[in-house]
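Chemist: Here you go, coords.txt (compact mmCIF, C-alpha atoms and all ligand atoms):
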# COMPACT_ATOMS: atom_id res chain seq x y z
CA MET W 138 -7.77 -35.28 -20.96
CA LEU W 139 -7.77 -32.90 -17.95
CA LYS W 140 -11.29 -31.90 -16.88
CA GLY W 141 -11.64 -28.38 -15.50
CA GLY W 142 -14.49 -26.59 -13.73
CA LEU W 143 -14.70 -22.82 -14.20
CA ILE W 144 -16.17 -20.64 -11.43
CA GLY W 145 -17.35 -17.18 -12.48
CA CYS W 146 -18.75 -16.68 -16.00
CA GLY W 147 -18.47 -12.90 -16.19
CA PHE W 148 -16.63 -10.38 -18.36
CA PHE W 149 -13.16 -11.94 -18.36
CA ALA W 150 -14.07 -15.64 -18.08
CA HIS W 151 -15.01 -15.72 -21.77
CA ASN W 152 -11.32 -15.22 -22.58
CA HIS W 153 -10.43 -18.17 -20.33
CA LEU W 154 -13.04 -20.33 -22.08
CA HIS W 155 -11.94 -19.39 -25.60
CA ALA W 156 -8.33 -20.12 -24.67
CA TRP W 157 -9.15 -23.46 -23.01
CA GLN W 158 -10.85 -24.57 -26.24
CA GLU W 159 -7.52 -24.17 -28.08
CA ILE W 160 -5.34 -25.98 -25.53
CA ASP W 161 -4.55 -29.67 -26.02
CA ASN W 162 -5.42 -32.20 -23.32
CA VAL W 163 -7.82 -29.88 -21.46
CA ALA W 164 -11.62 -29.55 -21.54
CA ILE W 165 -13.80 -27.37 -19.34
CA THR W 166 -16.62 -29.75 -18.47
CA ALA W 167 -18.52 -27.73 -15.85
CA LEU W 168 -19.38 -24.09 -15.26
CA CYS W 169 -20.52 -22.27 -12.14
CA ASP W 170 -21.97 -18.80 -11.62
CA ARG W 171 -24.38 -17.39 -9.07
CA ASP W 172 -25.92 -15.33 -11.88
CA GLU W 173 -28.20 -17.64 -13.84
CA SER W 174 -28.27 -15.64 -17.06
CA ARG W 175 -24.47 -15.39 -17.23
CA LEU W 176 -24.20 -19.09 -16.49
CA LYS W 177 -26.64 -20.08 -19.25
CA GLU W 178 -25.09 -17.67 -21.76
CA ALA W 179 -21.60 -19.12 -21.23
CA GLY W 180 -22.93 -22.70 -21.31
CA LEU W 181 -24.67 -22.12 -24.65
CA LYS W 182 -21.74 -20.22 -26.19
CA PHE W 183 -19.14 -22.85 -25.28
CA GLY W 184 -21.33 -25.99 -25.49
CA ILE W 185 -20.95 -26.87 -21.79
CA THR W 186 -24.01 -28.54 -20.25
CA LYS W 187 -23.02 -29.17 -16.62
CA LEU W 188 -24.09 -25.86 -15.08
CA TYR W 189 -24.06 -25.00 -11.37
CA SER W 190 -25.01 -22.04 -9.22
CA ASP W 191 -23.07 -23.47 -6.26
CA ALA W 192 -19.33 -24.15 -6.51
CA ALA W 193 -19.40 -26.71 -3.67
CA GLN W 194 -21.97 -28.75 -5.59
CA MET W 195 -19.99 -28.56 -8.83
CA ILE W 196 -16.86 -29.79 -7.04
CA ALA W 197 -18.75 -32.54 -5.14
CA GLU W 198 -20.34 -33.92 -8.31
CA GLY W 199 -17.10 -33.75 -10.37
CA PRO W 200 -15.22 -35.54 -11.69
CA LEU W 201 -12.73 -32.66 -12.03
CA ASP W 202 -8.93 -32.46 -12.31
CA PHE W 203 -8.72 -28.73 -11.53
CA VAL W 204 -10.72 -25.60 -10.81
CA ASP W 205 -10.32 -22.26 -12.61
CA ILE W 206 -11.55 -19.31 -10.49
CA ALA W 207 -12.53 -16.21 -12.52
CA THR W 208 -14.64 -14.38 -9.94
CA THR W 209 -13.72 -10.98 -8.48
CA VAL W 210 -11.33 -10.76 -5.54
CA ALA W 211 -13.76 -10.91 -2.58
CA THR W 212 -14.62 -14.56 -3.32
CA HIS W 213 -11.09 -15.78 -4.10
CA ARG W 214 -10.18 -16.91 -0.58
CA PRO W 215 -13.31 -19.02 0.11
CA LEU W 216 -13.23 -20.55 -3.37
CA VAL W 217 -9.50 -21.41 -3.24
CA GLU W 218 -10.04 -22.96 0.20
CA LEU W 219 -13.03 -24.93 -1.12
CA ALA W 220 -10.98 -26.36 -4.00
CA ALA W 221 -8.07 -27.18 -1.68
CA SER W 222 -10.36 -28.96 0.77
CA ALA W 223 -11.49 -31.20 -2.10
CA GLY W 224 -7.85 -31.86 -3.07
CA LEU W 225 -8.24 -30.10 -6.43
CA PRO W 226 -5.44 -28.15 -8.15
CA VAL W 227 -6.52 -24.54 -8.52
CA ILE W 228 -5.97 -21.50 -10.75
CA CYS W 229 -7.07 -18.19 -9.26
CA GLN W 230 -7.45 -14.87 -11.08
CA LYS W 231 -5.55 -11.78 -9.97
CA PRO W 232 -5.69 -9.90 -7.66
CA PHE W 233 -5.14 -13.15 -5.76
CA ALA W 234 -6.49 -11.78 -2.46
CA GLU W 235 -7.79 -8.68 -0.73
CA SER W 236 -4.76 -8.57 1.58
CA LEU W 237 -1.29 -10.05 1.92
CA ILE W 238 -2.46 -11.82 5.08
CA ASP W 239 -5.27 -13.56 3.17
CA ALA W 240 -2.89 -14.41 0.32
CA ARG W 241 -0.40 -16.07 2.69
CA ALA W 242 -3.22 -18.08 4.30
CA MET W 243 -4.44 -19.26 0.87
CA VAL W 244 -0.95 -20.39 -0.17
CA ASP W 245 -0.54 -22.17 3.15
CA THR W 246 -3.91 -23.95 2.78
CA CYS W 247 -2.99 -25.23 -0.69
CA GLU W 248 0.47 -26.36 0.45
CA ARG W 249 -0.98 -28.24 3.42
CA ALA W 250 -3.56 -29.87 1.10
CA GLY W 251 -0.79 -30.71 -1.38
CA VAL W 252 -2.62 -29.07 -4.30
CA PRO W 253 -0.88 -27.09 -7.07
CA LEU W 254 -1.88 -23.42 -7.12
CA MET W 255 -1.31 -20.91 -9.92
CA VAL W 256 -2.30 -17.26 -9.88
CA HIS W 257 -3.63 -16.17 -13.29
CA GLU W 258 -1.04 -13.35 -13.48
CA ASN W 259 -0.98 -13.16 -17.26
CA PHE W 260 0.68 -9.87 -18.28
CA ARG W 261 4.20 -11.37 -18.04
CA TRP W 262 2.97 -13.97 -20.57
CA GLN W 263 2.40 -11.33 -23.27
CA ALA W 264 4.56 -12.03 -26.34
CA PRO W 265 6.31 -8.59 -26.28
CA ILE W 266 7.22 -9.01 -22.59
CA ARG W 267 8.59 -12.52 -23.22
CA ALA W 268 10.63 -11.14 -26.15
CA VAL W 269 12.17 -8.47 -23.90
CA ARG W 270 12.95 -11.05 -21.23
CA ASP W 271 14.78 -13.13 -23.87
CA VAL W 272 16.92 -10.14 -24.88
CA LEU W 273 17.85 -9.42 -21.25
CA ALA W 274 18.70 -13.10 -20.67
CA SER W 275 20.95 -13.08 -23.75
CA GLY W 276 23.12 -10.41 -22.10
CA ARG W 277 22.97 -8.14 -25.16
CA ILE W 278 22.48 -4.98 -23.11
CA GLY W 279 24.68 -6.23 -20.27
CA GLU W 280 23.86 -5.76 -16.59
CA VAL W 281 20.54 -3.93 -16.12
CA PHE W 282 20.87 -0.96 -13.75
CA TRP W 283 17.63 0.95 -14.47
CA GLY W 284 14.17 0.25 -15.84
CA ARG W 285 10.78 1.81 -16.40
CA VAL W 286 7.55 -0.16 -16.80
CA SER W 287 4.81 2.17 -17.96
CA PHE W 288 1.07 1.85 -18.63
CA ARG W 289 -0.68 5.13 -19.41
CA SER W 290 -4.16 5.27 -20.90
CA ALA W 291 -7.58 6.90 -20.80
CA TYR W 292 -9.43 3.77 -22.02
CA ASP W 293 -12.87 3.29 -20.49
CA VAL W 294 -12.38 0.12 -18.46
CA PHE W 295 -15.43 0.88 -16.31
CA SER W 296 -18.11 -0.03 -18.86
CA GLY W 297 -16.88 -3.64 -19.07
CA GLN W 298 -15.83 -3.87 -15.42
CA PRO W 299 -18.13 -1.53 -13.42
CA TYR W 300 -16.76 -2.77 -10.06
CA LEU W 301 -13.48 -0.97 -10.87
CA ALA W 302 -15.24 2.40 -10.40
CA THR W 303 -16.63 1.59 -6.96
CA SER W 304 -13.78 -0.13 -5.14
CA ASP W 305 -11.74 1.83 -2.56
CA ARG W 306 -8.54 0.70 -4.26
CA PHE W 307 -8.30 0.83 -8.03
CA ILE W 308 -5.26 1.17 -10.21
CA ILE W 309 -2.51 -0.44 -8.11
CA GLU W 310 -4.69 -3.37 -7.07
CA ASP W 311 -6.18 -4.01 -10.52
CA LEU W 312 -3.61 -2.93 -13.12
CA GLY W 313 -0.50 -1.93 -11.20
CA ILE W 314 -0.33 -5.49 -9.90
CA HIS W 315 0.46 -6.60 -13.48
CA ILE W 316 2.99 -3.79 -13.96
CA LEU W 317 4.75 -4.62 -10.68
CA ASP W 318 4.80 -8.30 -11.63
CA ILE W 319 6.44 -7.43 -14.97
CA ALA W 320 9.09 -5.42 -13.09
CA ARG W 321 9.79 -8.44 -10.86
CA PHE W 322 9.85 -10.73 -13.91
CA LEU W 323 12.38 -8.54 -15.76
CA PHE W 324 14.52 -7.04 -12.98
CA GLY W 325 14.14 -9.50 -10.08
CA ASP W 326 12.73 -9.19 -6.58
CA VAL W 327 12.44 -5.91 -4.76
CA THR W 328 13.85 -4.73 -1.42
CA ARG W 329 12.39 -1.21 -0.96
CA LEU W 330 9.79 0.96 -2.61
CA SER W 331 8.09 4.33 -2.40
CA ALA W 332 4.82 5.28 -4.06
CA ALA W 333 2.59 8.24 -4.76
CA THR W 334 -1.03 7.95 -5.90
CA LYS W 335 -3.77 10.29 -7.05
CA ARG W 336 -7.37 10.21 -8.20
CA ILE W 337 -8.09 12.33 -11.29
CA ASN W 338 -11.43 10.93 -12.49
CA PRO W 339 -14.05 12.40 -10.09
CA SER W 340 -16.64 9.72 -10.85
CA ILE W 341 -14.64 6.80 -9.46
CA ARG W 342 -13.77 5.93 -5.85
CA GLY W 343 -10.16 4.72 -5.93
CA GLU W 344 -6.85 6.06 -7.21
CA ASP W 345 -6.35 6.10 -10.99
CA VAL W 346 -2.72 7.29 -11.11
CA ALA W 347 0.25 5.68 -9.38
CA THR W 348 4.02 6.18 -9.54
CA ILE W 349 6.21 3.63 -7.76
CA LEU W 350 10.00 3.79 -7.31
CA MET W 351 11.70 0.49 -6.46
CA VAL W 352 15.15 -0.87 -5.59
CA HIS W 353 15.75 -4.47 -6.65
CA GLU W 354 17.89 -7.14 -4.98
CA SER W 355 20.32 -6.83 -7.91
CA GLY W 356 20.87 -3.15 -7.02
CA ALA W 357 18.98 -1.96 -10.12
CA SER W 358 16.32 0.69 -9.63
CA SER W 359 13.04 0.91 -11.52
CA ILE W 360 9.93 3.02 -11.91
CA CYS W 361 6.47 1.55 -12.41
CA ASP W 362 4.00 4.18 -13.51
CA CYS W 363 0.38 3.63 -14.40
CA SER W 364 -2.56 5.85 -15.18
CA TYR W 365 -6.12 5.60 -16.46
CA ALA W 366 -6.33 9.40 -16.63
CA THR W 367 -3.85 9.95 -19.45
CA ALA W 368 -5.43 10.99 -22.76
CA LEU W 369 -2.74 10.52 -25.38
CA GLU W 370 -2.90 11.47 -29.04
CA GLU W 371 -2.86 7.74 -29.77
CA GLU W 372 -4.67 5.53 -27.20
CA LEU W 373 -2.36 2.58 -26.51
CA PHE W 374 -4.54 0.42 -24.21
CA PRO W 375 -3.54 -2.18 -23.09
CA GLN W 376 0.13 -1.84 -24.05
CA THR W 377 2.91 -1.83 -21.46
CA LEU W 378 5.90 0.27 -22.55
CA LEU W 379 9.44 -0.41 -21.35
CA GLU W 380 12.68 1.51 -21.02
CA ILE W 381 15.67 -0.49 -19.83
CA ASP W 382 19.29 0.66 -19.46
CA GLY W 383 22.16 -1.78 -19.14
CA SER W 384 25.95 -1.71 -18.95
CA ARG W 385 26.31 -2.57 -22.68
CA GLY W 386 23.33 -0.70 -24.12
CA THR W 387 19.63 0.02 -23.92
CA LEU W 388 16.28 -1.50 -24.82
CA ARG W 389 13.02 0.29 -25.54
CA LEU W 390 9.60 -1.31 -26.08
CA SER W 391 7.64 1.54 -27.65
CA ALA W 392 4.13 2.12 -28.95
CA ASN W 393 2.67 -0.62 -31.13
CA TYR W 394 5.17 -3.23 -30.04
CA GLU W 395 8.25 -1.65 -31.61
CA LEU W 396 11.35 -3.03 -29.90
CA THR W 397 14.67 -1.17 -30.20
CA ILE W 398 17.84 -2.81 -28.94
CA HIS W 399 20.96 -0.65 -28.87
CA SER W 400 23.92 -2.84 -27.98
CA ASP W 401 27.63 -1.99 -28.14
CA GLY W 402 26.83 0.96 -30.40
CA VAL W 403 24.70 -1.05 -32.89
CA THR W 404 20.94 -0.49 -33.16
CA GLU W 405 18.43 -3.18 -34.14
CA LYS W 406 14.67 -2.63 -34.52
CA GLN W 407 11.99 -5.30 -34.63
CA THR W 408 8.23 -5.61 -34.14
CA VAL W 409 7.16 -7.97 -31.38
CA ALA W 410 3.38 -7.81 -31.87
CA PRO W 411 1.13 -10.39 -30.22
CA VAL W 412 -0.72 -13.07 -32.18
CA LEU W 413 -4.33 -12.19 -33.03
CA HIS W 414 -6.27 -15.33 -32.10
CA ALA W 415 -9.40 -15.99 -34.18
CA TRP W 416 -11.59 -15.32 -31.12
CA ALA W 417 -9.71 -12.20 -30.00
CA THR W 418 -10.88 -8.61 -30.33
CA LYS W 419 -8.56 -5.64 -30.68
CA PRO W 420 -7.26 -3.87 -28.63
CA TRP W 421 -7.58 -6.74 -26.11
CA HIS W 422 -5.69 -9.26 -28.26
CA ASN W 423 -2.42 -8.71 -26.40
CA ILE W 424 -4.06 -9.68 -23.11
CA GLN W 425 -6.05 -12.45 -24.78
CA GLU W 426 -2.91 -14.03 -26.20
CA SER W 427 -1.36 -13.98 -22.73
CA VAL W 428 -4.41 -15.78 -21.34
CA HIS W 429 -3.83 -18.55 -23.85
CA ASN W 430 -0.12 -18.68 -22.99
CA ILE W 431 -0.55 -18.86 -19.22
CA GLN W 432 -3.31 -21.47 -19.38
CA LYS W 433 -1.23 -23.63 -21.73
CA HIS W 434 1.63 -23.33 -19.21
CA TRP W 435 -0.73 -24.50 -16.43
CA ALA W 436 -1.80 -27.58 -18.42
CA GLN W 437 1.84 -28.46 -19.15
CA CYS W 438 2.81 -27.99 -15.49
CA LEU W 439 -0.10 -30.07 -14.23
CA ILE W 440 0.68 -32.93 -16.62
CA SER W 441 4.42 -32.91 -15.88
CA HIS W 442 4.10 -32.16 -12.11
CA ARG W 443 6.04 -28.89 -12.40
CA THR W 444 5.47 -25.74 -10.33
CA PRO W 445 3.89 -22.99 -12.44
CA GLU W 446 5.88 -19.80 -12.95
CA THR W 447 3.25 -17.69 -11.20
CA SER W 448 2.61 -20.13 -8.35
CA GLY W 449 0.93 -18.90 -5.17
CA GLN W 450 4.36 -18.59 -3.53
CA ASP W 451 5.66 -16.51 -6.43
CA ASN W 452 2.61 -14.26 -6.42
CA LEU W 453 3.06 -13.47 -2.70
CA LYS W 454 6.05 -11.36 -3.79
CA THR W 455 3.90 -9.39 -6.25
CA MET W 456 1.13 -9.06 -3.65
CA ALA W 457 3.76 -7.69 -1.24
CA LEU W 458 4.61 -4.93 -3.74
CA VAL W 459 0.93 -3.97 -3.96
CA ALA W 460 0.65 -3.84 -0.15
CA ALA W 461 3.90 -1.88 0.13
CA ALA W 462 2.79 0.62 -2.53
CA TYR W 463 -0.47 1.41 -0.71
CA GLN W 464 1.40 1.65 2.61
CA SER W 465 3.95 4.03 1.11
CA ALA W 466 1.33 6.21 -0.56
CA ALA W 467 -0.65 6.42 2.70
CA GLY W 468 2.57 7.47 4.45
CA ASN W 469 3.26 10.28 1.99
CA LEU W 470 5.90 8.49 -0.11
CA ALA W 471 7.33 6.61 2.88
CA SER W 472 10.14 4.18 2.00
CA VAL W 473 8.84 0.65 2.70
CA ASP W 474 10.96 -2.42 3.40
CA VAL W 475 9.09 -4.98 1.26
CA LYS W 476 10.37 -7.99 3.23
CA ALA W 477 9.21 -6.55 6.57
CA LEU W 478 5.52 -6.17 5.76
CA PRO W 479 3.00 -7.47 8.31
P1 LIG W 501 -17.32 -10.05 -13.40
O1 LIG W 501 -17.97 -9.39 -12.23
O2 LIG W 501 -17.73 -9.65 -14.78
O3 LIG W 501 -17.53 -11.63 -13.31
C1 LIG W 501 -17.42 -12.35 -12.12
C2 LIG W 501 -18.50 -13.41 -12.12
O4 LIG W 501 -18.30 -14.25 -10.98
C3 LIG W 501 -19.92 -12.86 -12.01
O5 LIG W 501 -20.70 -13.35 -13.08
C4 LIG W 501 -20.43 -13.35 -10.65
O6 LIG W 501 -21.82 -13.65 -10.64
C5 LIG W 501 -19.57 -14.60 -10.46
N1 LIG W 501 -19.39 -15.00 -9.05
C6 LIG W 501 -18.93 -14.23 -8.03
N2 LIG W 501 -18.85 -14.97 -6.92
C7 LIG W 501 -19.24 -16.22 -7.22
C8 LIG W 501 -19.35 -17.44 -6.48
N3 LIG W 501 -19.03 -17.49 -5.19
N4 LIG W 501 -19.79 -18.55 -7.11
C9 LIG W 501 -20.11 -18.48 -8.43
N5 LIG W 501 -20.02 -17.36 -9.19
C10 LIG W 501 -19.59 -16.25 -8.59
O7 LIG W 501 -15.76 -9.87 -13.18
P2 LIG W 501 -14.60 -9.92 -14.30
O8 LIG W 501 -14.41 -8.57 -14.86
O9 LIG W 501 -14.82 -11.07 -15.20
O10 LIG W 501 -13.32 -10.19 -13.37
C11 LIG W 501 -13.10 -11.44 -12.80
C12 LIG W 501 -11.65 -11.51 -12.33
O11 LIG W 501 -10.82 -11.41 -13.47
C13 LIG W 501 -11.23 -10.35 -11.40
O12 LIG W 501 -10.43 -10.85 -10.38
C14 LIG W 501 -10.47 -9.41 -12.32
O13 LIG W 501 -9.46 -8.66 -11.65
C15 LIG W 501 -9.85 -10.39 -13.28
N6 LIG W 501 -9.49 -9.80 -14.58
C16 LIG W 501 -8.27 -10.12 -15.06
C17 LIG W 501 -7.84 -9.60 -16.25
C18 LIG W 501 -6.47 -10.00 -16.73
O14 LIG W 501 -5.99 -9.58 -17.76
N7 LIG W 501 -5.79 -10.86 -15.99
C19 LIG W 501 -8.67 -8.75 -16.99
C20 LIG W 501 -9.94 -8.47 -16.49
C21 LIG W 501 -10.35 -9.01 -15.28
O1 LIG W 502 -5.97 -6.77 -16.67
C1 LIG W 502 -6.82 -6.41 -15.89
O2 LIG W 502 -6.78 -6.83 -14.78
C2 LIG W 502 -7.94 -5.50 -16.33
C3 LIG W 502 -7.52 -4.22 -16.99
C4 LIG W 502 -6.55 -4.40 -18.12
C5 LIG W 502 -8.74 -3.49 -17.49
O3 LIG W 502 -6.92 -3.41 -16.01
O4 LIG W 502 -8.78 -5.23 -15.23
Now that the file is in, can you turn its structure into structure tokens?

Modeler:
Amino acid sequence: MLKGGLIGCGFFAHNHLHAWQEIDNVAITALCDRDESRLKEAGLKFGITKLYSDAAQMIAEGPLDFVDIATTVATHRPLVELAASAGLPVICQKPFAESLIDARAMVDTCERAGVPLMVHENFRWQAPIRAVRDVLASGRIGEVFWGRVSFRSAYDVFSGQPYLATSDRFIIEDLGIHILDIARFLFGDVTRLSAATKRINPSIRGEDVATILMVHESGASSICDCSYATALEEELFPQTLLEIDGSRGTLRLSANYELTIHSDGVTEKQTVAPVLHAWATKPWHNIQESVHNIQKHWAQCLISHRTPETSGQDNLKTMALVAAAYQSAAGNLASVDVKALP
């Protein structure tokens, strides 16, 4: 049985804890939060009695096989470095770091310490996204030459996550990072991008609309567009919609997980809805299922000594897209060479 220690018992950590309870060969045996009431609440809810306000103390007292970091971004670097210095494998929530420079340093620290590192980049683990990836891999729509990854909503994310309203950077760093990672997952790595951003909601600090145009190593081009200022007739939070064109046909992932594959003139429609776990709450169940999937993947990788799909190294490429998007937007849609970022 792998013993894990979770750091950060806030809004999203409850999803981690529910998912861990359902995963074989793993038990979260210790919790840490600087906020005593959150710590006690999570301990009571999940029956965990080893409770700490100091992560260094939790790690020193152990025994632990890994650490799961579910704090907000400002504490990711010191906590990842703390885990690495104790030789503990580490999962870290997205956004992995505040800057690409920090992210590279964190990956380097873990590699030098010889500890496995996975970024909890979960959107690509959503069942509908995996289903689309399987269709592309089957070759049914041929060679992909164009794609659109779209997330448009007016859902109030600020009541559950108030820090999102006060940070200088909002939608690309928090949500766009998932959308960019899905684009990488489906269409491959990126060479150049251009981005435009805008703030519509006057009561928040950062940008809440972003449009990003990318060219992939394969030669395909894609658009990632995201908005938290888009009031639709039907609110689709937190669904990611897809449009993909290939040499043999097209694929569309539309509202409510309707997948249409048009291949060699023949159309097939199917529903690729996520599983509703017993502990999940709509409309979050799509994200919650992906939390279960990515954490199960981590446990399997740790046991079999495999590198997780969203390792630190892998996530540097998604972090680079975030950095490039902000650089491009600041430069009035400047075209940014993703591989040449400082
Ligand atoms: P939150 O503010 O609700 O919770 C963070 C908790 O960490 C707080 O209780 C805080 O007291 C604690 N904390 C901070 N620093 C600490 C430290 N050094 N030691 C111990 N405890 C510490 O934040 P949240 O909304 O739960 O977000 C946490 C992370 O999860 C963020 O990085 C966020 O981007 C991410 N998130 C991911 C998804 C997803 O789908 N992947 C969804 C929501 C949030
Ligand atoms: O997934 C996330 O990181 C969340 C949300 C879906 C609200 O953007 O912060």

Chemist: Can you pull out every residue within 8 Å of range 349-351 of chain W, counting all atoms listed in the file, but drop anything in the same chain fewer than 4 positions away, and send it as number ranges by chain?

Modeler: W: 327-333, 358-362, 462

Chemist: Please identify all protein, DNA and RNA residues within 8 Å of ligand LIG 502 (chain W), counting only C-alpha atoms and all ligand atoms, and report them as a PyMOL selection string.

Modeler: chain W and resi 231-232+260+294+298+301+308+311-312+315+375+424

Chemist: Pick the closest to Asp318 in chain W from W:Val286, W:Ala221, W:Val252, W:Leu478: which is it, counting all atoms listed in the file?

Modeler: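 Among the listed residues, W:Val286 lies closest to Asp318 in chain W.
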
Chemist: Counting all atoms listed in the file, which of W:Ala207, W:Leu390, W:Leu317, W:Leu154 gets nearest to ligand LIG 501 (chain W)?

Modeler: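 Once distances to ligand LIG 501 (chain W) are computed over all atoms listed in the file, the minimum belongs to W:Ala207.
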
Chemist: Counting all atoms listed in the file, which protein, DNA or RNA residues come within 6 Å of ligand LIG 501 (chain W), given as a PyMOL selection string?

Modeler: chain W and resi 144-150+169-172+175+191-192+207-210+212+230-232+258-259+298+311+424

Chemist: Could the residues in this selection be written to a file with C-alpha atoms, as a PDB file, in the coordinates of the input?

Modeler:
ATOM      1  CA  ILE W 144     -16.170 -20.640 -11.430  1.00  0.00           C
ATOM      2  CA  GLY W 145     -17.350 -17.180 -12.480  1.00  0.00           C
ATOM      3  CA  CYS W 146     -18.750 -16.680 -16.000  1.00  0.00           C
ATOM      4  CA  GLY W 147     -18.470 -12.900 -16.190  1.00  0.00           C
ATOM      5  CA  PHE W 148     -16.630 -10.380 -18.360  1.00  0.00           C
ATOM      6  CA  PHE W 149     -13.160 -11.940 -18.360  1.00  0.00           C
ATOM      7  CA  ALA W 150     -14.070 -15.640 -18.080  1.00  0.00           C
ATOM      8  CA  CYS W 169     -20.520 -22.270 -12.140  1.00  0.00           C
ATOM      9  CA  ASP W 170     -21.970 -18.800 -11.620  1.00  0.00           C
ATOM     10  CA  ARG W 171     -24.380 -17.390  -9.070  1.00  0.00           C
ATOM     11  CA  ASP W 172     -25.920 -15.330 -11.880  1.00  0.00           C
ATOM     12  CA  ARG W 175     -24.470 -15.390 -17.230  1.00  0.00           C
ATOM     13  CA  ASP W 191     -23.070 -23.470  -6.260  1.00  0.00           C
ATOM     14  CA  ALA W 192     -19.330 -24.150  -6.510  1.00  0.00           C
ATOM     15  CA  ALA W 207     -12.530 -16.210 -12.520  1.00  0.00           C
ATOM     16  CA  THR W 208     -14.640 -14.380  -9.940  1.00  0.00           C
ATOM     17  CA  THR W 209     -13.720 -10.980  -8.480  1.00  0.00           C
ATOM     18  CA  VAL W 210     -11.330 -10.760  -5.540  1.00  0.00           C
ATOM     19  CA  THR W 212     -14.620 -14.560  -3.320  1.00  0.00           C
ATOM     20  CA  GLN W 230      -7.450 -14.870 -11.080  1.00  0.00           C
ATOM     21  CA  LYS W 231      -5.550 -11.780  -9.970  1.00  0.00           C
ATOM     22  CA  PRO W 232      -5.690  -9.900  -7.660  1.00  0.00           C
ATOM     23  CA  GLU W 258      -1.040 -13.350 -13.480  1.00  0.00           C
ATOM     24  CA  ASN W 259      -0.980 -13.160 -17.260  1.00  0.00           C
ATOM     25  CA  GLN W 298     -15.830  -3.870 -15.420  1.00  0.00           C
ATOM     26  CA  ASP W 311      -6.180  -4.010 -10.520  1.00  0.00           C
ATOM     27  CA  ILE W 424      -4.060  -9.680 -23.110  1.00  0.00           C
TER      28      ILE W 424
END

Chemist: List as a VMD selection string the protein and nucleic acid residues near Val475 in chain W, meaning an atom at most 12 Å away when all atoms listed in the file are counted, but skip any in the same chain fewer than 6 places from it.

Modeler: chain W and resid 237 326 to 331 351 to 354 453 to 465

Chemist: Could you check the closest approach to Ala156 in chain W for each of W:Ala291, W:Ala347, W:Ile431, W:Ala471 and tell me which residue wins, using all atoms listed in the file?

Modeler: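 Going through W:Ala291, W:Ala347, W:Ile431, W:Ala471 one by one, the smallest distance to Ala156 in chain W is for W:Ile431.
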
Chemist: If we count only C-alpha atoms and set the cut-off at 12 Å, which residues sit around Ala197 in chain W, ignoring sequence neighbours fewer than 2 positions away in its own chain? Please answer as a ChimeraX atom specification.

Modeler: /W:142,167,189,191-195,199-201,219-220,222-225

Chemist: Please measure the separation of CA of Gln432 in chain W and CA of Ile206 in chain W, giving the value in Å to one decimal.

Modeler: 12.3 Å

Chemist: For range 245-249 of chain W, take all atoms listed in the file, fit an axis-aligned box around them, add 5 Å to each of the six sides, then output centre and edge lengths in Å rounded to one decimal, as lines of an AutoDock Vina configuration file.

Modeler:
center_x = -1.7
center_y = -25.2
center_z = 1.4
size_x = 14.4
size_y = 16.1
size_z = 14.1

Chemist: I want to know what sits within 12 Å of Leu181 in chain W, based on only C-alpha atoms, with residues of the same chain fewer than 6 positions away left out; could you give that as an mmCIF file with C-alpha atoms, keeping the file's coordinate frame?

Modeler:
data_model
loop_
_atom_site.group_PDB
_atom_site.id
_atom_site.type_symbol
_atom_site.label_atom_id
_atom_site.label_comp_id
_atom_site.auth_asym_id
_atom_site.auth_seq_id
_atom_site.Cartn_x
_atom_site.Cartn_y
_atom_site.Cartn_z
ATOM 1 C CA CYS W 146 -18.750 -16.680 -16.000
ATOM 2 C CA HIS W 151 -15.010 -15.720 -21.770
ATOM 3 C CA LEU W 168 -19.380 -24.090 -15.260
ATOM 4 C CA SER W 174 -28.270 -15.640 -17.060
ATOM 5 C CA ARG W 175 -24.470 -15.390 -17.230
ATOM 6 C CA LYS W 187 -23.020 -29.170 -16.620
ATOM 7 C CA LEU W 188 -24.090 -25.860 -15.080
#

Chemist: Rank W:Thr387, W:Gln376, W:Thr408, W:Asn452 by their smallest atom-to-atom distance to Leu273 in chain W, using only C-alpha atoms, and report the top residue only.

Modeler: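 Comparing W:Thr387, W:Gln376, W:Thr408, W:Asn452 against Leu273 in chain W, the winner is W:Thr387.
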